[in-house]
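Data block for entry38.txt (compact mmCIF, C-alpha atoms):
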# COMPACT_ATOMS: atom_id res chain seq x y z
CA HIS B 375 -33.07 -34.91 -41.91
CA ASP B 376 -29.48 -33.64 -41.92
CA ALA B 377 -26.87 -36.27 -41.12
CA SER B 378 -25.46 -34.14 -38.30
CA VAL B 379 -28.42 -35.07 -36.06
CA VAL B 380 -28.01 -38.28 -34.09
CA THR B 381 -31.03 -40.55 -34.57
CA ASP B 382 -29.69 -43.73 -32.95
CA GLY B 383 -27.04 -43.35 -30.27
CA THR B 384 -25.39 -40.50 -28.41
CA VAL B 385 -22.44 -38.11 -28.62
CA SER B 386 -21.24 -39.06 -25.15
CA GLU B 387 -17.97 -40.57 -26.42
CA ARG B 388 -16.86 -37.38 -28.19
CA SER B 389 -14.14 -35.52 -26.35
CA LEU B 390 -15.76 -32.06 -26.48
CA GLN B 391 -19.40 -31.66 -25.49
CA ILE B 392 -21.30 -28.38 -25.56
CA ALA B 393 -24.85 -28.15 -24.25
CA VAL B 394 -27.14 -25.62 -25.92
CA ILE B 395 -30.31 -24.25 -24.38
CA SER B 396 -32.52 -21.37 -25.53
CA ASP B 397 -35.98 -19.84 -25.65
CA ALA B 398 -37.40 -20.52 -22.21
CA GLN B 399 -39.08 -17.09 -22.11
CA PHE B 400 -40.29 -16.84 -18.54
CA THR B 401 -41.06 -13.72 -16.51
CA ALA B 402 -41.21 -12.84 -12.83
CA ALA B 403 -44.96 -12.27 -13.06
CA GLY B 404 -46.03 -15.71 -11.83
CA GLY B 405 -49.04 -17.68 -13.03
CA SER B 406 -49.53 -21.33 -13.97
CA LEU B 407 -48.24 -21.02 -17.55
CA ASN B 408 -45.13 -19.21 -16.39
CA GLU B 409 -44.51 -21.84 -13.72
CA ALA B 410 -44.81 -24.59 -16.34
CA ILE B 411 -42.22 -22.80 -18.51
CA ILE B 412 -39.83 -22.52 -15.56
CA ALA B 413 -40.36 -26.21 -14.75
CA ASN B 414 -39.39 -27.11 -18.33
CA LEU B 415 -36.29 -24.92 -18.06
CA ARG B 416 -35.23 -26.48 -14.78
CA ARG B 417 -35.78 -29.92 -16.26
CA SER B 418 -33.44 -29.09 -19.15
CA LEU B 419 -30.79 -27.63 -16.86
CA ARG B 420 -30.88 -30.68 -14.57
CA GLN B 421 -30.48 -33.00 -17.55
CA ILE B 422 -27.54 -30.92 -18.76
CA VAL B 423 -25.83 -31.03 -15.37
CA ALA B 424 -26.32 -34.81 -15.25
CA ALA B 425 -24.70 -35.10 -18.69
CA GLY B 426 -21.66 -33.06 -17.58
CA PRO B 427 -20.70 -31.07 -20.71
CA ASP B 428 -17.56 -28.99 -21.06
CA LEU B 429 -19.60 -25.82 -21.66
CA VAL B 430 -23.21 -24.64 -21.51
CA VAL B 431 -24.34 -21.99 -24.00
CA ILE B 432 -27.62 -20.17 -23.40
CA ASP B 433 -28.48 -19.09 -26.93
CA GLY B 434 -30.87 -16.23 -26.16
CA ASP B 435 -34.44 -15.63 -24.99
CA LEU B 436 -33.90 -17.26 -21.63
CA VAL B 437 -36.22 -14.55 -20.29
CA ASP B 438 -39.34 -13.07 -21.87
CA GLU B 439 -38.90 -9.52 -20.56
CA ALA B 440 -35.76 -7.48 -19.92
CA ASN B 441 -36.55 -6.10 -16.49
CA ALA B 442 -34.76 -6.27 -13.16
CA ALA B 443 -37.22 -8.68 -11.53
CA THR B 444 -37.08 -11.20 -14.37
CA PHE B 445 -33.28 -11.01 -14.59
CA ALA B 446 -33.11 -11.57 -10.82
CA LEU B 447 -35.26 -14.69 -11.19
CA ALA B 448 -33.05 -15.88 -14.04
CA GLU B 449 -29.97 -15.44 -11.86
CA GLN B 450 -31.66 -17.43 -9.08
CA ILE B 451 -32.59 -20.30 -11.39
CA LEU B 452 -29.15 -20.47 -12.99
CA ASP B 453 -27.47 -20.36 -9.60
CA GLU B 454 -29.70 -23.12 -8.21
CA GLU B 455 -29.48 -25.39 -11.23
CA LEU B 456 -25.99 -24.70 -12.64
CA THR B 457 -23.59 -22.73 -10.46
CA SER B 458 -24.31 -24.46 -7.16
CA LYS B 459 -24.56 -27.99 -8.59
CA ALA B 460 -21.71 -28.35 -11.05
CA ASP B 461 -18.41 -26.84 -12.07
CA ILE B 462 -19.53 -26.27 -15.66
CA PRO B 463 -18.74 -22.92 -17.31
CA TRP B 464 -21.61 -21.21 -19.07
CA ILE B 465 -22.21 -18.30 -21.42
CA TRP B 466 -25.44 -16.37 -22.00
CA ALA B 467 -25.75 -14.84 -25.47
CA PRO B 468 -28.59 -12.32 -25.97
CA GLY B 469 -31.80 -12.87 -27.88
CA ASN B 470 -34.44 -10.32 -28.74
CA HIS B 471 -36.25 -10.85 -25.43
CA GLU B 472 -33.12 -9.94 -23.47
CA VAL B 473 -33.70 -6.42 -24.80
CA MET B 474 -37.51 -6.46 -24.55
CA GLY B 475 -38.32 -3.26 -22.70
CA ASN B 476 -34.81 -2.09 -21.79
CA PRO B 477 -31.50 -1.31 -23.49
CA ILE B 478 -29.00 -4.13 -23.89
CA SER B 479 -26.85 -2.58 -21.17
CA LEU B 480 -29.18 -4.09 -18.55
CA PHE B 481 -28.64 -7.58 -19.95
CA ALA B 482 -24.90 -6.98 -20.09
CA GLN B 483 -24.86 -6.59 -16.29
CA GLN B 484 -26.14 -10.14 -15.70
CA GLU B 485 -23.91 -12.99 -14.62
CA GLY B 486 -22.60 -14.91 -17.62
CA ALA B 487 -23.94 -12.36 -20.10
CA GLN B 488 -21.76 -11.92 -23.17
CA LEU B 489 -22.42 -9.58 -26.08
CA TYR B 490 -19.40 -11.08 -27.86
CA SER B 491 -17.21 -13.89 -26.61
CA THR B 492 -14.62 -16.25 -28.00
CA GLN B 493 -12.61 -19.10 -26.50
CA VAL B 494 -10.83 -22.25 -27.61
CA LEU B 495 -11.89 -25.55 -26.06
CA LYS B 496 -9.99 -28.65 -27.09
CA ARG B 497 -8.84 -27.17 -30.44
CA THR B 498 -12.35 -25.86 -31.18
CA ARG B 499 -13.08 -22.12 -31.15
CA VAL B 500 -16.49 -21.24 -29.71
CA THR B 501 -17.69 -17.72 -30.54
CA THR B 502 -20.94 -16.05 -29.49
CA LEU B 503 -22.42 -13.00 -31.20
CA ASP B 504 -25.20 -10.52 -30.48
CA SER B 505 -28.22 -10.71 -32.83
CA SER B 506 -30.72 -9.39 -30.27
CA ARG B 507 -31.91 -6.47 -32.42
CA GLY B 508 -32.58 -8.63 -35.47
CA THR B 509 -29.23 -8.06 -37.14
CA LEU B 510 -25.56 -8.62 -36.37
CA HIS B 511 -24.68 -4.94 -36.80
CA ALA B 512 -27.18 -3.11 -34.55
CA ASP B 513 -24.32 -1.47 -32.66
CA GLY B 514 -22.05 -1.20 -35.65
CA THR B 515 -19.81 -3.74 -37.34
CA ASP B 516 -17.27 -4.25 -34.55
CA GLN B 517 -18.29 -7.81 -33.69
CA LEU B 518 -18.32 -8.82 -37.35
CA ALA B 519 -14.85 -7.34 -37.79
CA LYS B 520 -13.67 -9.28 -34.74
CA LEU B 521 -15.16 -12.49 -36.13
CA ARG B 522 -13.53 -12.00 -39.53
CA ALA B 523 -10.15 -11.20 -37.96
CA GLN B 524 -10.38 -14.26 -35.72
CA LEU B 525 -11.27 -16.52 -38.64
CA ASP B 526 -8.31 -15.14 -40.58
CA ALA B 527 -6.01 -15.86 -37.64
CA ASP B 528 -7.41 -19.35 -37.10
CA ALA B 529 -7.05 -20.24 -40.78
CA ASP B 530 -3.30 -20.73 -40.35
CA ASP B 531 -3.32 -21.80 -36.70
CA PRO B 532 -2.78 -25.57 -36.39
CA SER B 533 -4.03 -25.48 -32.80
CA VAL B 534 -7.59 -24.69 -34.02
CA THR B 535 -9.34 -27.36 -36.08
CA GLY B 536 -12.91 -26.06 -36.14
CA GLU B 537 -15.27 -23.18 -35.38
CA VAL B 538 -18.61 -23.24 -33.55
CA ILE B 539 -20.37 -19.89 -33.97
CA VAL B 540 -23.44 -19.17 -31.86
CA PHE B 541 -26.03 -16.40 -32.18
CA HIS B 542 -29.75 -16.28 -31.46
CA MET B 543 -31.43 -15.44 -34.78
CA PRO B 544 -30.53 -17.77 -37.66
CA THR B 545 -29.64 -16.66 -41.15
CA GLU B 546 -32.49 -18.89 -42.34
CA ASP B 547 -35.74 -19.86 -40.57
CA TYR B 548 -36.61 -23.39 -41.61
CA LEU B 549 -40.37 -22.93 -41.06
CA PRO B 550 -42.50 -21.80 -44.03
CA ASP B 551 -43.39 -18.35 -42.69
CA LYS B 552 -39.70 -17.32 -42.34
CA ASN B 553 -40.62 -14.95 -39.50
CA SER B 554 -37.69 -15.84 -37.24
CA GLN B 555 -34.52 -15.10 -39.16
CA LEU B 556 -32.10 -12.20 -39.42
CA SER B 557 -34.02 -9.24 -40.81
CA ASP B 558 -31.18 -8.01 -43.03
CA ARG B 559 -31.19 -10.61 -45.78
CA THR B 560 -28.04 -9.21 -47.40
CA GLU B 561 -26.22 -9.61 -44.10
CA ALA B 562 -27.59 -13.15 -43.66
CA GLN B 563 -26.36 -14.23 -47.08
CA ALA B 564 -23.00 -12.54 -46.50
CA MET B 565 -22.55 -14.44 -43.23
CA ASP B 566 -23.31 -17.78 -44.89
CA ASP B 567 -21.01 -16.93 -47.80
CA MET B 568 -18.16 -15.88 -45.50
CA LEU B 569 -18.29 -19.11 -43.49
CA ALA B 570 -18.61 -21.27 -46.61
CA ALA B 571 -15.62 -19.52 -48.20
CA TRP B 572 -13.55 -19.95 -45.03
CA ARG B 573 -14.49 -23.63 -44.90
CA GLN B 574 -13.45 -24.13 -48.51
CA ARG B 575 -10.23 -22.12 -48.19
CA THR B 576 -8.96 -23.71 -44.98
CA GLY B 577 -10.35 -27.24 -45.09
CA LYS B 578 -11.35 -26.74 -41.44
CA SER B 579 -14.81 -27.40 -40.02
CA VAL B 580 -17.52 -24.85 -39.22
CA ALA B 581 -20.90 -25.07 -37.49
CA VAL B 582 -23.45 -22.35 -36.72
CA VAL B 583 -25.90 -22.74 -33.82
CA ASN B 584 -29.03 -20.62 -33.42
CA GLY B 585 -32.38 -20.54 -31.63
CA HIS B 586 -35.40 -18.21 -31.90
CA VAL B 587 -37.48 -20.24 -34.38
CA GLY B 588 -39.34 -22.38 -31.84
CA GLY B 589 -38.30 -25.75 -33.25
CA PHE B 590 -35.31 -28.05 -33.69
CA ASN B 591 -33.75 -28.34 -37.13
CA ALA B 592 -30.51 -29.01 -38.96
CA ARG B 593 -29.28 -28.15 -42.44
CA SER B 594 -25.98 -27.79 -44.24
CA PHE B 595 -24.62 -25.53 -46.96
CA ASP B 596 -21.25 -25.75 -48.70
CA GLY B 597 -19.86 -28.01 -46.00
CA VAL B 598 -21.11 -25.85 -43.10
CA THR B 599 -23.48 -27.37 -40.53
CA GLN B 600 -26.29 -25.11 -39.25
CA LEU B 601 -28.34 -26.18 -36.23
CA THR B 602 -31.46 -24.52 -34.84
CA ASN B 603 -32.08 -25.24 -31.17
CA GLY B 604 -35.74 -25.36 -30.16
CA ASN B 605 -37.53 -24.10 -27.08
CA SER B 606 -36.47 -25.15 -23.60
CA GLY B 607 -39.48 -23.69 -21.82
CA LYS B 608 -42.36 -22.14 -23.77
CA GLY B 609 -44.51 -24.08 -26.21
CA PRO B 610 -42.97 -24.78 -29.63
CA ALA B 611 -43.91 -23.12 -32.92
CA ALA B 612 -44.08 -26.32 -34.99
CA THR B 613 -45.57 -29.81 -34.85
CA ALA B 614 -43.55 -32.48 -33.08
CA ASP B 615 -42.61 -34.21 -36.33
CA ASN B 616 -41.17 -30.91 -37.59
CA GLY B 617 -38.99 -30.22 -34.57
CA GLY B 618 -41.74 -28.75 -32.40
CA PHE B 619 -41.01 -30.05 -28.90
CA THR B 620 -39.24 -28.71 -25.83
CA GLY B 621 -35.77 -29.74 -24.76
CA TRP B 622 -32.12 -28.96 -25.49
CA THR B 623 -29.19 -30.02 -27.65
CA MET B 624 -25.82 -31.57 -26.90
CA LEU B 625 -23.12 -30.92 -29.46
CA GLY B 626 -20.50 -33.62 -29.68
CA VAL B 627 -17.22 -32.51 -31.26
CA ASN B 628 -14.30 -34.68 -32.28
CA PRO B 629 -11.53 -32.04 -32.52
CA GLY B 630 -9.09 -34.38 -34.21
CA ALA B 631 -11.45 -34.73 -37.19
CA GLY B 632 -11.90 -30.99 -37.71
CA ILE B 633 -9.44 -30.61 -40.57
CA THR B 634 -11.23 -32.38 -43.41
CA GLY B 635 -9.64 -30.84 -46.48
CA ASP B 636 -11.55 -30.65 -49.77
CA THR B 637 -14.65 -32.60 -48.71
CA LEU B 638 -17.41 -29.98 -49.00
CA GLY B 639 -20.08 -32.35 -50.23
CA ASP B 640 -19.14 -35.22 -47.91
CA ALA B 641 -21.59 -35.44 -45.00
CA THR B 642 -19.45 -38.13 -43.40
CA ALA B 643 -16.56 -35.69 -43.07
CA ARG B 644 -18.82 -33.11 -41.42
CA THR B 645 -20.29 -35.60 -38.98
CA ARG B 646 -16.96 -37.12 -38.00
CA TRP B 647 -16.23 -33.67 -36.57
CA LEU B 648 -19.60 -32.60 -35.10
CA ARG B 649 -22.94 -34.22 -34.42
CA ALA B 650 -25.94 -32.99 -32.44
CA GLU B 651 -27.95 -35.06 -29.97
CA THR B 652 -31.39 -33.57 -29.38
CA HIS B 653 -32.84 -34.18 -25.92
CA ALA B 654 -36.61 -33.90 -26.16
CA HIS B 655 -38.74 -33.74 -23.03
CA VAL B 656 -40.54 -37.09 -23.03
CA ASP B 657 -43.15 -37.94 -20.40
CA ALA B 658 -44.63 -41.18 -21.77
CA ASP B 659 -44.19 -43.65 -24.60
CA ALA B 660 -46.91 -44.31 -27.12
CA ASP B 661 -49.28 -47.21 -26.70
CA PRO B 662 -47.27 -50.15 -28.09
CA THR B 663 -50.50 -51.91 -29.10
CA GLY B 664 -51.26 -49.33 -31.77
CA GLY B 665 -53.08 -46.49 -30.00
CA ASN B 666 -52.99 -42.88 -31.06
CA GLY B 667 -49.94 -41.85 -29.03
CA VAL B 668 -46.78 -40.58 -30.66
CA VAL B 669 -43.32 -41.70 -29.60
CA VAL B 670 -40.74 -38.93 -29.42
CA ASN B 671 -37.31 -40.52 -29.23
CA ALA B 672 -35.07 -38.61 -26.81
CA SER B 673 -32.38 -38.56 -29.50
CA ALA B 674 -34.69 -37.83 -32.44

Output the file's structure as structure tokens, nothing else.
Amino acid sequence: HDASVVTDGTVSERSLQIAVISDAQFTAAGGSLNEAIIANLRRSLRQIVAAGPDLVVIDGDLVDEANAATFALAEQILDEELTSKADIPWIWAPGNHEVMGNPISLFAQQEGAQLYSTQVLKRTRVTTLDSSRGTLHADGTDQLAKLRAQLDADADDPSVTGEVIVFHMPTEDYLPDKNSQLSDRTEAQAMDDMLAAWRQRTGKSVAVVNGHVGGFNARSFDGVTQLTNGNSGKGPAATADNGGFTGWTMLGVNPGAGITGDTLGDATARTRWLRAETHAHVDADADPTGGNGVVVNASA
């Protein structure tokens, strides 16, 4: 219900567009269920290529097992659907399944894999972090120190108007069981507090993008937008009316609206800068005569 989610329209007119995909969770083992997951993933990737974003971010759990055969299949799919079809840069941030059965060093060898990355696109800094082991400090605090230093530098840099920070496990799972959030709750609160304080101090915009939960959701805190991307392949963990469907998200950023000043409680200021268009996989409309079908709007 957060205002950042587009419910009628698109973000296609915004000058910076970032496609987010996560949680396909396929393996190289074969089988009908696995093939259905891969088909959903390919469907999402083809829709993304057709939309032509400036960047694609794979926000973890693309694979279900961290072994050579599954990573090889992932490379094949990404090459067939992304690399060979469009000149769209992409980043793959790790989720917990990218380290399922092997150390993270195996994931780090894959094309596009990034344990920590940062870049500026059209006055917007996009940073990806590693939360694959359930916290943001599994290998020490280096990436958090880098993030803090970068935020401090960007605070006084007029060429950066907003920050999009991406990592797999959210600080808060929106589902009642709370099973899919950062395990270190002190760290989770500290991350939220740091971003909220930076937002208040600088008057610049901040959004956090996660996956892992198995559903699509949006919330805000202290002027910060937090989006949870749902599953692109495997079955969701929630009902359809609570974000439980497969698909992907397009972020639409208006870089010129990133510096909002003292407008923490103003949802309009947040959404002038960033909105999210959720692309649900829709195979059929409901019966318009009043049957039992359920319409899922592709921008719901």

If you count all atoms listed in the file, which residues fall within 10 Å of segment 446-458 of chain B, apart from same-chain ones fewer than 2 positions away, as JSON, numbers by chain? {"B": [400, 401, 402, 412, 415, 416, 417, 418, 419, 420, 421, 422, 423, 430, 436, 437, 441, 442, 443, 444, 460, 461, 462, 463, 464, 484, 485, 486]}

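Between atom CA of Ala571 of chain B and atom CA of Leu518 of chain B the interatomic distance comes to 15.5 Å.
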
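Shortest separation to Arg507 of chain B among B:Asp382, B:Glu651, B:Glu472, B:Asp657 occurs at residue B:Glu472, atoms counted being all atoms listed in the file.
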
Near Tyr490 of chain B, within 10 Å and counting all atoms listed in the file, which residues show up once chain neighbours fewer than 3 positions away are dropped, as a list of chain:residue names? B:Trp466, B:Ala467, B:Pro468, B:Ala487, B:Thr501, B:Thr502, B:Leu503, B:Asp504, B:Asp516, B:Gln517, B:Leu518, B:Lys520, B:Leu521, B:Val540, B:Phe541

By how many Å are atom CA of Lys552 of chain B and atom CA of Asp435 of chain B apart?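 Interatomic distance, atom CA of Lys552 of chain B to atom CA of Asp435 of chain B: 18.2 Å.
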
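Ranking B:Ala482, B:Ala562, B:Ile633, B:Met543 by their shortest atom-to-atom distance to Gln574 of chain B, with all atoms listed in the file included, puts B:Ile633 first.
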
Two-atom distance - atom CA of Thr602 of chain B, atom CA of Asn584 of chain B (Å):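 Interatomic distance here is 4.8 Å.
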
Excluding segment 605-608 of chain B and its own-chain neighbours fewer than 4 positions away, which residues fall within 9 Å of it when counting only C-alpha atoms? Please give them as a VMD selection string. chain B and resid 395 to 400 407 to 408 410 to 418 436 585 to 590 618 to 622 655

Residue with the minimum atom-to-atom distance to Ile465 of chain B, picked from B:Asp640, B:His511, B:Phe481, B:Ser491 with all atoms listed in the file counted, is B:Ser491

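Shortest atom-to-atom contact with Thr535 of chain B among B:Leu648, B:Tyr548, B:Glu561, B:Phe445: B:Leu648, counting only C-alpha atoms.
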
List as a short mmCIF file (atom, residue, chain, number, x, y, z; two decimals) with C-alpha atoms, in the frame of the given file the residues having at least one atom at most 7 Å from position (-21.8, -33.3, -21.0) as given in the file, counting all atoms listed in the file.
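Full text of out_4.cif as output:
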data_model
loop_
_atom_site.label_atom_id
_atom_site.label_comp_id
_atom_site.auth_asym_id
_atom_site.auth_seq_id
_atom_site.Cartn_x
_atom_site.Cartn_y
_atom_site.Cartn_z
CA GLN B 391 -19.40 -31.66 -25.49
CA ILE B 392 -21.30 -28.38 -25.56
CA ALA B 393 -24.85 -28.15 -24.25
CA ILE B 422 -27.54 -30.92 -18.76
CA ALA B 425 -24.70 -35.10 -18.69
CA GLY B 426 -21.66 -33.06 -17.58
CA PRO B 427 -20.70 -31.07 -20.71
CA ASP B 428 -17.56 -28.99 -21.06
#
